[in-house]
$ cat final.txt   # compact mmCIF, C-alpha atoms and all ligand atoms
# COMPACT_ATOMS: atom_id res chain seq x y z
CA MET J 13 0.00 0.00 0.00
CA VAL J 14 1.33 3.45 -0.91
CA THR J 15 1.52 5.72 2.09
CA SER J 16 3.97 8.27 0.73
CA CYS J 17 3.10 11.01 -1.67
CA PRO J 18 4.16 10.63 -5.29
CA ASP J 19 5.65 13.73 -6.83
CA MET J 20 2.66 15.96 -7.41
CA LYS J 21 1.76 19.56 -6.77
CA GLN J 22 0.80 20.07 -3.15
CA VAL J 23 -1.21 22.68 -1.30
CA GLU J 24 1.09 24.65 1.02
CA PRO J 25 1.50 23.21 4.52
CA LEU J 26 -0.61 24.87 7.21
CA THR J 27 0.84 27.52 9.49
CA ALA J 28 0.84 27.09 13.25
CA SER J 29 -2.04 29.56 13.56
CA GLN J 30 -4.09 27.68 10.94
CA ILE J 31 -3.55 24.45 12.87
CA ALA J 32 -4.57 26.20 16.08
CA HIS J 33 -7.72 27.49 14.35
CA PHE J 34 -8.56 23.99 13.14
CA SER J 35 -8.02 22.51 16.57
CA ARG J 36 -10.12 25.14 18.34
CA ASP J 37 -12.98 25.60 15.87
CA GLY J 38 -12.95 22.17 14.18
CA TYR J 39 -12.70 23.54 10.63
CA LEU J 40 -10.49 25.63 8.37
CA VAL J 41 -11.16 27.35 5.04
CA LEU J 42 -8.33 27.46 2.49
CA PRO J 43 -9.46 29.87 -0.25
CA ALA J 44 -8.64 29.02 -3.89
CA VAL J 45 -5.80 26.59 -3.15
CA LEU J 46 -6.60 23.98 -5.81
CA ASP J 47 -5.30 23.85 -9.39
CA PRO J 48 -7.62 26.10 -11.48
CA GLU J 49 -7.08 23.95 -14.56
CA LEU J 50 -8.26 20.79 -12.76
CA CYS J 51 -11.26 22.74 -11.41
CA ARG J 52 -12.09 23.77 -14.97
CA GLN J 53 -11.82 20.16 -16.15
CA ALA J 54 -14.14 19.03 -13.34
CA ARG J 55 -16.71 21.64 -14.37
CA ASP J 56 -16.44 20.48 -17.99
CA GLU J 57 -16.91 16.89 -16.89
CA MET J 58 -20.00 17.83 -14.89
CA TRP J 59 -21.53 19.58 -17.88
CA GLY J 60 -20.61 16.65 -20.12
CA ALA J 61 -22.56 14.31 -17.83
CA ILE J 62 -25.52 16.70 -17.73
CA GLU J 63 -25.51 17.13 -21.48
CA ALA J 64 -25.60 13.34 -21.90
CA ASP J 65 -28.34 12.49 -19.42
CA LEU J 66 -30.22 15.67 -18.51
CA PRO J 67 -29.95 17.82 -21.63
CA ARG J 68 -32.77 20.20 -20.67
CA MET J 69 -30.20 21.82 -18.34
CA LYS J 70 -28.00 24.08 -20.48
CA ARG J 71 -24.59 25.44 -19.56
CA GLY J 72 -24.65 29.24 -19.31
CA GLU J 73 -28.47 29.33 -19.06
CA PRO J 74 -29.37 29.41 -15.36
CA SER J 75 -33.08 29.62 -16.17
CA THR J 76 -32.82 25.94 -17.26
CA TRP J 77 -31.33 24.80 -13.92
CA ALA J 78 -34.68 23.95 -12.36
CA PRO J 79 -35.00 21.13 -9.78
CA ILE J 80 -34.93 17.51 -10.91
CA THR J 81 -38.46 16.18 -11.26
CA GLU J 82 -39.58 12.82 -9.89
CA GLU J 83 -39.79 11.46 -13.41
CA GLU J 84 -36.22 12.58 -14.19
CA SER J 85 -35.01 11.20 -10.87
CA SER J 86 -36.44 7.72 -11.51
CA ARG J 87 -35.14 7.73 -15.08
CA LEU J 88 -31.62 8.56 -13.84
CA SER J 89 -31.68 6.05 -10.99
CA ALA J 90 -32.69 3.28 -13.42
CA GLN J 91 -29.38 3.70 -15.30
CA LYS J 92 -27.37 1.40 -13.05
CA PRO J 93 -23.93 0.39 -14.36
CA ALA J 94 -23.51 -3.31 -15.24
CA GLY J 95 -20.59 -3.80 -12.84
CA GLY J 96 -22.56 -2.55 -9.80
CA GLY J 97 -22.55 0.79 -8.06
CA GLU J 98 -24.76 3.80 -8.59
CA PRO J 99 -25.69 5.59 -11.81
CA TYR J 100 -23.01 8.03 -12.94
CA LEU J 101 -25.48 10.92 -12.80
CA GLY J 102 -28.25 10.93 -10.23
CA GLY J 103 -30.31 13.25 -8.10
CA SER J 104 -33.66 14.51 -7.00
CA GLY J 105 -35.05 17.95 -6.33
CA HIS J 106 -32.18 20.39 -5.85
CA ARG J 107 -29.53 17.68 -5.43
CA LEU J 108 -27.46 16.41 -8.34
CA THR J 109 -24.72 13.81 -7.90
CA ILE J 110 -21.97 12.67 -10.23
CA ARG J 111 -20.20 9.49 -9.13
CA ASN J 112 -16.80 10.29 -10.59
CA GLY J 113 -14.98 10.24 -7.24
CA ALA J 114 -12.60 7.39 -8.06
CA GLU J 115 -11.41 9.01 -11.29
CA GLU J 116 -7.89 10.40 -11.52
CA LEU J 117 -9.22 13.91 -12.14
CA LEU J 118 -11.13 14.15 -8.87
CA LEU J 119 -8.38 12.43 -6.87
CA ASN J 120 -5.64 14.69 -8.25
CA LEU J 121 -7.83 17.75 -7.86
CA ALA J 122 -8.56 17.31 -4.18
CA PRO J 123 -7.38 14.56 -1.79
CA ARG J 124 -4.00 14.00 -3.41
CA ALA J 125 -3.27 17.73 -3.57
CA LEU J 126 -4.07 17.93 0.16
CA TRP J 127 -2.02 14.84 1.02
CA GLN J 128 0.78 16.65 2.82
CA VAL J 129 -1.68 18.85 4.70
CA ALA J 130 -3.60 15.74 5.77
CA GLU J 131 -0.38 14.09 6.90
CA GLN J 132 0.58 17.24 8.74
CA LEU J 133 -2.66 16.98 10.73
CA LEU J 134 -2.95 13.21 11.10
CA GLY J 135 0.67 12.02 11.08
CA LYS J 136 3.10 11.19 8.30
CA GLY J 137 2.78 7.69 6.84
CA THR J 138 -0.45 6.95 8.71
CA LEU J 139 -3.01 7.45 5.92
CA VAL J 140 -4.56 5.30 3.21
CA TRP J 141 -3.46 6.59 -0.18
CA PRO J 142 -6.41 7.11 -2.57
CA ALA J 143 -5.11 4.98 -5.44
CA GLY J 144 -8.36 5.06 -7.39
CA LEU J 145 -9.04 2.45 -10.05
CA ASP J 146 -6.91 -0.55 -10.98
CA GLU J 147 -6.59 -1.97 -14.53
CA SER J 148 -9.93 -3.74 -14.18
CA GLY J 149 -11.68 -0.46 -13.29
CA THR J 150 -12.24 -1.46 -9.66
CA THR J 151 -11.05 0.04 -6.37
CA THR J 152 -9.48 -1.95 -3.55
CA GLY J 153 -8.84 -0.67 -0.06
CA PRO J 154 -9.37 -1.31 3.64
CA CYS J 155 -12.80 -0.89 5.22
CA PHE J 156 -13.60 -1.09 8.90
CA MET J 157 -16.84 -3.07 8.84
CA SER J 158 -18.84 -1.21 11.47
CA ASP J 159 -22.64 -1.14 11.43
CA ASP J 160 -22.70 2.16 9.55
CA ALA J 161 -20.14 0.99 6.95
CA VAL J 162 -22.17 -2.15 6.27
CA GLY J 163 -25.32 -0.01 6.09
CA GLY J 164 -23.57 2.31 3.61
CA LEU J 165 -22.54 -0.64 1.46
CA ALA J 166 -26.11 -1.93 1.40
CA SER J 167 -27.66 1.44 0.60
CA HIS J 168 -25.17 2.35 -2.16
CA MET J 169 -24.52 -1.12 -3.63
CA GLY J 170 -27.93 -2.72 -3.17
CA SER J 171 -28.97 -5.23 -0.51
CA GLU J 172 -28.95 -8.04 -3.11
CA MET J 173 -25.15 -8.12 -2.71
CA GLY J 174 -25.76 -10.02 0.52
CA TRP J 175 -24.08 -7.70 3.01
CA PRO J 176 -24.46 -8.79 6.63
CA SER J 177 -27.07 -6.86 8.60
CA GLY J 178 -24.58 -5.88 11.31
CA GLY J 179 -20.93 -4.97 11.34
CA SER J 180 -18.11 -7.32 12.39
CA PHE J 181 -16.11 -4.34 13.71
CA THR J 182 -13.01 -5.75 12.08
CA THR J 183 -11.21 -4.55 8.97
CA GLU J 184 -11.69 -6.03 5.54
CA GLU J 185 -8.21 -5.21 4.22
CA ALA J 186 -8.98 -5.43 0.51
CA LEU J 187 -12.60 -4.53 -0.03
CA ARG J 188 -13.29 -4.24 -3.75
CA LEU J 189 -15.81 -1.67 -4.89
CA PRO J 190 -16.86 -0.66 -8.40
CA LYS J 191 -15.98 2.84 -9.55
CA THR J 192 -19.42 4.36 -8.97
CA GLY J 193 -19.88 2.48 -5.69
CA PRO J 194 -19.29 3.94 -2.19
CA VAL J 195 -15.55 4.23 -2.87
CA TRP J 196 -15.05 6.53 0.12
CA LEU J 197 -15.66 3.52 2.38
CA ASN J 198 -12.37 1.88 1.34
CA GLY J 199 -10.57 5.23 1.13
CA GLN J 200 -10.08 5.02 -2.64
CA GLY J 201 -12.29 7.77 -3.96
CA THR J 202 -14.14 10.94 -3.11
CA ARG J 203 -17.91 11.06 -3.05
CA GLY J 204 -17.88 12.45 -6.57
CA LEU J 205 -19.48 15.81 -7.24
CA TYR J 206 -22.30 16.88 -4.96
CA CYS J 207 -24.23 19.73 -6.50
CA THR J 208 -26.98 21.96 -5.14
CA LEU J 209 -29.15 23.59 -7.76
CA PRO J 210 -30.22 27.25 -7.42
CA LYS J 211 -33.08 28.36 -5.13
CA SER J 212 -32.89 25.31 -2.89
CA PRO J 213 -35.37 25.22 0.00
CA SER J 214 -34.52 26.66 3.40
CA PRO J 215 -33.63 24.12 6.11
CA GLY J 216 -35.69 26.35 8.44
CA PRO J 217 -34.61 28.06 11.63
CA GLU J 218 -33.89 24.64 13.16
CA TYR J 219 -31.42 23.81 10.38
CA ARG J 220 -33.12 20.48 9.76
CA GLY J 221 -30.67 17.95 8.36
CA SER J 222 -27.64 19.38 10.15
CA HIS J 223 -25.62 16.52 11.56
CA SER J 224 -22.25 15.17 12.62
CA ASP J 225 -20.70 12.46 10.44
CA GLY J 226 -19.87 8.91 11.43
CA ALA J 227 -18.86 7.70 14.84
CA CYS J 228 -16.32 8.60 17.50
CA TYR J 229 -14.62 5.23 16.95
CA GLY J 230 -13.19 3.91 13.68
CA ARG J 231 -10.58 5.54 11.44
CA TRP J 232 -12.19 8.66 10.00
CA ARG J 233 -11.01 11.85 11.59
CA LEU J 234 -10.42 14.52 8.94
CA GLN J 235 -12.69 15.38 6.04
CA MET J 236 -12.61 17.94 3.29
CA ALA J 237 -15.02 19.67 0.92
CA ALA J 238 -13.49 21.11 -2.26
CA TYR J 239 -15.30 23.53 -4.55
CA THR J 240 -14.75 23.24 -8.29
CA ASP J 241 -16.57 26.50 -9.03
CA ASP J 242 -17.17 29.78 -7.20
CA VAL J 243 -19.43 29.45 -4.16
CA PRO J 244 -20.53 32.97 -3.17
CA PRO J 245 -22.16 33.64 0.22
CA ASN J 246 -25.62 32.05 0.64
CA SER J 247 -25.06 29.77 -2.33
CA GLY J 248 -24.96 26.35 -0.71
CA ALA J 249 -21.51 26.36 0.90
CA PHE J 250 -20.53 23.84 3.54
CA THR J 251 -21.85 25.34 6.78
CA VAL J 252 -20.41 24.56 10.22
CA TRP J 253 -21.00 25.32 13.88
CA PRO J 254 -17.53 26.29 15.17
CA GLY J 255 -16.34 24.38 18.22
CA SER J 256 -19.13 21.80 18.03
CA HIS J 257 -16.69 18.95 17.31
CA THR J 258 -15.44 18.66 20.88
CA ARG J 259 -18.90 18.99 22.40
CA ILE J 260 -20.41 16.28 20.17
CA TRP J 261 -17.37 14.05 20.61
CA LYS J 262 -17.79 14.15 24.37
CA GLU J 263 -21.46 13.15 24.26
CA GLN J 264 -20.94 10.43 21.66
CA TRP J 265 -18.04 9.05 23.61
CA LYS J 266 -20.24 8.71 26.68
CA ALA J 267 -22.87 6.91 24.60
CA PHE J 268 -20.18 4.66 23.09
CA GLN J 269 -18.87 3.72 26.52
CA ALA J 270 -22.42 2.97 27.57
CA GLY J 271 -22.61 0.43 24.73
CA GLU J 272 -24.03 2.36 21.80
CA LYS J 273 -22.21 1.23 18.69
CA HIS J 274 -23.03 4.14 16.47
CA THR J 275 -25.21 7.10 15.96
CA ASP J 276 -27.87 4.67 14.67
CA THR J 277 -30.46 5.83 17.14
CA HIS J 278 -29.58 9.42 16.25
CA LEU J 279 -29.85 8.64 12.56
CA ALA J 280 -33.30 7.21 13.12
CA VAL J 281 -34.30 10.54 14.63
CA ARG J 282 -32.74 12.35 11.67
CA ASN J 283 -34.74 10.20 9.31
CA ALA J 284 -37.82 11.21 11.20
CA GLY J 285 -37.06 14.83 10.40
CA GLY J 286 -34.45 16.30 12.69
CA TYR J 287 -31.28 15.62 14.62
CA THR J 288 -32.58 16.36 18.07
CA ASP J 289 -29.94 15.22 20.54
CA PRO J 290 -29.78 17.62 23.48
CA VAL J 291 -26.18 18.59 22.68
CA ILE J 292 -27.11 19.47 19.10
CA GLY J 293 -29.94 21.63 20.40
CA ARG J 294 -27.59 23.44 22.76
CA ILE J 295 -25.06 24.05 19.99
CA LYS J 296 -27.70 25.46 17.68
CA ALA J 297 -28.97 27.69 20.45
CA ASP J 298 -25.65 29.21 21.45
CA THR J 299 -23.47 29.11 18.31
CA GLN J 300 -23.76 31.04 15.07
CA PRO J 301 -23.23 28.81 12.01
CA ILE J 302 -20.55 29.85 9.51
CA ASP J 303 -21.16 29.77 5.75
CA CYS J 304 -17.78 28.53 4.37
CA HIS J 305 -18.09 30.23 0.98
CA GLY J 306 -15.14 30.81 -1.33
CA PRO J 307 -13.95 31.06 -4.93
CA ALA J 308 -13.34 28.03 -7.16
CA GLY J 309 -10.59 25.83 -5.73
CA THR J 310 -11.49 26.56 -2.11
CA VAL J 311 -11.11 23.73 0.39
CA VAL J 312 -12.87 23.38 3.72
CA LEU J 313 -11.16 21.01 6.14
CA TRP J 314 -13.23 19.76 9.04
CA HIS J 315 -13.11 17.46 12.02
CA THR J 316 -15.48 14.56 11.34
CA LYS J 317 -17.52 15.29 14.45
CA ILE J 318 -18.33 18.94 13.69
CA LEU J 319 -22.00 19.83 13.30
CA HIS J 320 -22.57 20.73 9.65
CA ILE J 321 -25.06 21.05 6.84
CA ALA J 322 -24.93 21.74 3.11
CA GLY J 323 -26.09 25.35 3.11
CA GLN J 324 -29.15 26.65 1.35
CA ASN J 325 -28.42 27.80 -2.19
CA SER J 326 -30.39 31.06 -2.37
CA SER J 327 -28.76 32.18 -5.61
CA ASP J 328 -30.52 31.97 -8.94
CA ASP J 329 -27.41 31.45 -11.07
CA VAL J 330 -24.96 29.28 -9.12
CA ILE J 331 -24.74 25.49 -9.02
CA ARG J 332 -22.88 24.66 -5.82
CA GLN J 333 -20.31 22.01 -6.83
CA ALA J 334 -18.31 20.23 -4.15
CA THR J 335 -16.44 17.00 -3.77
CA ILE J 336 -16.10 15.45 -0.32
CA TYR J 337 -13.36 13.16 0.92
CA GLY J 338 -12.52 11.63 4.30
CA PHE J 339 -8.89 10.77 4.96
CA LEU J 340 -8.61 7.31 6.46
CA LYS J 341 -5.99 6.13 8.95
CA THR J 342 -4.29 2.85 7.97
CA THR J 343 -4.79 -0.35 9.94
CA ALA J 344 -1.09 -0.19 10.82
CA ALA J 345 -1.60 3.26 12.37
CA VAL J 346 -4.87 2.46 14.14
CA SER J 347 -5.35 -1.26 14.80
CA ASP J 348 -8.82 -2.80 15.06
CA ALA J 349 -8.36 -2.91 18.82
CA LEU J 350 -7.59 0.83 18.88
CA ALA J 351 -10.37 1.60 16.41
CA VAL J 352 -12.95 0.32 18.91
CA ASP J 353 -11.05 1.22 22.07
CA SER J 354 -13.39 2.84 24.54
CA GLU J 355 -10.82 3.70 27.19
CA ASP J 356 -9.04 6.69 25.74
CA GLY J 357 -11.58 9.40 25.07
CA ASP J 358 -9.02 11.91 23.77
CA ILE J 359 -10.52 13.49 20.66
CA TRP J 360 -6.98 14.08 19.28
CA ARG J 361 -5.55 10.60 19.99
CA ASP J 362 -5.08 9.76 16.28
CA TRP J 363 -3.71 13.17 15.23
CA SER J 364 -0.16 14.38 14.67
CA ASP J 365 2.16 15.68 17.36
CA GLU J 366 2.11 18.99 15.50
CA LEU J 367 -1.62 19.29 16.02
CA ARG J 368 -1.60 17.87 19.53
CA GLY J 369 1.02 20.40 20.48
CA GLN J 370 -1.40 23.29 19.82
FE FE Q 401 -22.20 15.04 6.54
$ encode --input "final.txt" --output "structure tokens" --more "lines below"
Ligand SMILES: [Fe+2]
Amino acid sequence: MVTSCPDMKQVEPLTASQIAHFSRDGYLVLPAVLDPELCRQARDEMWGAIEADLPRMKRGEPSTWAPITEEESSRLSAQKPAGGGEPYLGGSGHRLTIRNGAEELLLNLAPRALWQVAEQLLGKGTLVWPAGLDESGTTTGPCFMSDDAVGGLASHMGSEMGWPSGGSFTTEEALRLPKTGPVWLNGQGTRGLYCTLPKSPSPGPEYRGSHSDGACYGRWRLQMAAYTDDVPPNSGAFTVWPGSHTRIWKEQWKAFQAGEKHTDTHLAVRNAGGYTDPVIGRIKADTQPIDCHGPAGTVVLWHTKILHIAGQNSSDDVIRQATIYGFLKTTAAVSDALAVDSEDGDIWRDWSDELRGQ
């Protein structure tokens, strides 16, 4: 497994004050740090996919960027690739998804360009390299088979694949996933392009749908959102509640120690219409959310536990385009025993000395 960075253009390392900001607030915005040419190629690729499968949307004509109808949504979701995985282009309402996250373009654009920054935060040589596709067009990488990972495999790959109903909480070292499958689960791809069409509905004063990703155990600690086009204020940017990462971590850790394996019970509440844990309510009541807007090539780094939501896109001429990636610690860096360890509740246990020193 490659854990060192091949020779490719890297985003500048973070300064001590940027690391301190990340540690304190749980997020950091790096404006326009990505290669503009790769951003342009990603925009072209998005429009190529739209032109092929949703041609009523025209590039340069925002009046045609209306929400995806139910009929369009079912037509798109029926186009499943033969080798498994999700349709290349999908969506419903104001959400449009392109499953190109395991392609070289997306990997070079975002996670690989941030490799040294990620190592700076999480420790050199401790991360799973996003290698993308092999010669057969498949990804292979390690996956910690927790309940939520198994649930993600079933929901993105189809239950007919025969996934177990519960997690083994051990690592499948070489989980193979097709290129439009949930390739973020084995660390090999980003989530593809997540787009929010103009005039998306308000989440309401309660910010319905705001949540904290994953669990306090496992191997996901640092995530990123990268914008391939300009995201002006109030146009669907990644939105965070500063400082919420440590508060949520603490509560989830208590629940984990008390035997709760995941945020499953919380997710059930979310599915019912809102993430209503008391700590989330307190955070919303006392903390002002931040709209992490920025020009094309902007990256938002965030601690996995931070409270966040994809912001409302109030514009009438911007398609919010972001790719999301979670850096994964290797099994060598965090063993299965450590991944489920419930003794050490230090939120920064798996981070670099440079970060821990802040
Ligand atoms: Fe999320």
$ closest_residue --input "final.txt" --among "J:Ser104, J:Gln30, J:Ser75, J:Gln235" --to "ligand FE 401 (chain Q)" --atoms "only C-alpha atoms and all ligand atoms"
J:Gln235
$ closest_atom_pairs --input "final.txt" --of "chain J" --to "ligand FE 401 (chain Q)" --cutoff "10 Å" --atoms "all atoms listed in the file" --output "JSON lines"
{"residue": "J:Gly221", "atom": "CA", "partner": "Q:FE401", "partner_atom": "FE", "distance": 9.1}
{"residue": "J:Ser222", "atom": "CA", "partner": "Q:FE401", "partner_atom": "FE", "distance": 7.8}
{"residue": "J:His223", "atom": "CA", "partner": "Q:FE401", "partner_atom": "FE", "distance": 6.3}
{"residue": "J:Ser224", "atom": "CA", "partner": "Q:FE401", "partner_atom": "FE", "distance": 6.1}
{"residue": "J:Asp225", "atom": "CA", "partner": "Q:FE401", "partner_atom": "FE", "distance": 4.9}
{"residue": "J:Gly226", "atom": "CA", "partner": "Q:FE401", "partner_atom": "FE", "distance": 8.2}
{"residue": "J:Gln235", "atom": "CA", "partner": "Q:FE401", "partner_atom": "FE", "distance": 9.5}
{"residue": "J:Phe250", "atom": "CA", "partner": "Q:FE401", "partner_atom": "FE", "distance": 9.4}
{"residue": "J:Thr316", "atom": "CA", "partner": "Q:FE401", "partner_atom": "FE", "distance": 8.3}
{"residue": "J:Lys317", "atom": "CA", "partner": "Q:FE401", "partner_atom": "FE", "distance": 9.2}
{"residue": "J:Ile318", "atom": "CA", "partner": "Q:FE401", "partner_atom": "FE", "distance": 9.0}
{"residue": "J:Leu319", "atom": "CA", "partner": "Q:FE401", "partner_atom": "FE", "distance": 8.3}
{"residue": "J:His320", "atom": "CA", "partner": "Q:FE401", "partner_atom": "FE", "distance": 6.5}
{"residue": "J:Ile321", "atom": "CA", "partner": "Q:FE401", "partner_atom": "FE", "distance": 6.7}
{"residue": "J:Ala322", "atom": "CA", "partner": "Q:FE401", "partner_atom": "FE", "distance": 8.0}
{"residue": "J:Ile336", "atom": "CA", "partner": "Q:FE401", "partner_atom": "FE", "distance": 9.2}
$ residues_near_point --input "final.txt" --point "(-13.2, 10.1, 19.5)" --cutoff "8 Å" --atoms "all atoms listed in the file" --output "ChimeraX atom specification"
/J:227-229,261-262,265,357-361
$ atom_distance --input "final.txt" --atom1 "atom CA of J:Glu98" --atom2 "atom CA of J:Pro210"
24.1 Å
$ closest_residue --input "final.txt" --among "J:Ser86, J:Gln300, J:Gln22, J:Gln269" --to "J:Thr251" --atoms "all atoms listed in the file"
J:Gln300
$ atom_distance --input "final.txt" --atom1 "atom CA of J:Thr208" --atom2 "atom CA of J:Arg107"
5.0 Å
$ atom_distance --input "final.txt" --atom1 "atom CA of J:Ala344" --atom2 "atom CA of J:Leu139"
9.3 Å
$ axis_aligned_box --input "final.txt" --around "stretch 32-50 of chain J" --padding-each-side "3 Å" --output "AutoDock Vina command-line options"
--center_x -8.8 --center_y 25.3 --center_z 1.9 --size_x 14.4 --size_y 15.1 --size_z 38.9
$ residues_near_point --input "final.txt" --point "(4.8, 25.9, -6.4)" --cutoff "12 Å" --atoms "only C-alpha atoms" --output "list in words"
Met20, Lys21, Gln22, Val23, Glu24, Pro25, Val45, Leu46, Asp47 and Ala125 of chain J
$ residues_around --input "final.txt" --residues "J:Gln333" --least-positions-apart "5" --cutoff "7 Å" --atoms "only C-alpha atoms" --output "VMD selection string"
chain J and resid 205 to 208 239 to 241
$ write_last_selection --input "final.txt" --atoms "C-alpha atoms" --output "PDB file, keeping the file's coordinate frame"
ATOM      1  CA  LEU J 205     -19.480  15.810  -7.240  1.00  0.00           C
ATOM      2  CA  TYR J 206     -22.300  16.880  -4.960  1.00  0.00           C
ATOM      3  CA  CYS J 207     -24.230  19.730  -6.500  1.00  0.00           C
ATOM      4  CA  THR J 208     -26.980  21.960  -5.140  1.00  0.00           C
ATOM      5  CA  TYR J 239     -15.300  23.530  -4.550  1.00  0.00           C
ATOM      6  CA  THR J 240     -14.750  23.240  -8.290  1.00  0.00           C
ATOM      7  CA  ASP J 241     -16.570  26.500  -9.030  1.00  0.00           C
TER       8      ASP J 241
END
$ closest_residue --input "final.txt" --among "J:Leu165, J:Gly201, J:Asn325, J:Thr182" --to "J:Leu350" --atoms "only C-alpha atoms"
J:Thr182
$ decode --input "final.txt" --residues "stretch 124-142 of chain J" --atoms "C-alpha atoms" --output "compact mmCIF listing (two decimals), in the first residue's frame"
# COMPACT_ATOMS: atom_id res chain seq x y z
CA ARG J 124 -4.00 14.00 -3.41
CA ALA J 125 -3.27 17.73 -3.57
CA LEU J 126 -4.07 17.93 0.16
CA TRP J 127 -2.02 14.84 1.02
CA GLN J 128 0.78 16.65 2.82
CA VAL J 129 -1.68 18.85 4.70
CA ALA J 130 -3.60 15.74 5.77
CA GLU J 131 -0.38 14.09 6.90
CA GLN J 132 0.58 17.24 8.74
CA LEU J 133 -2.66 16.98 10.73
CA LEU J 134 -2.95 13.21 11.10
CA GLY J 135 0.67 12.02 11.08
CA LYS J 136 3.10 11.19 8.30
CA GLY J 137 2.78 7.69 6.84
CA THR J 138 -0.45 6.95 8.71
CA LEU J 139 -3.01 7.45 5.92
CA VAL J 140 -4.56 5.30 3.21
CA TRP J 141 -3.46 6.59 -0.18
CA PRO J 142 -6.41 7.11 -2.57
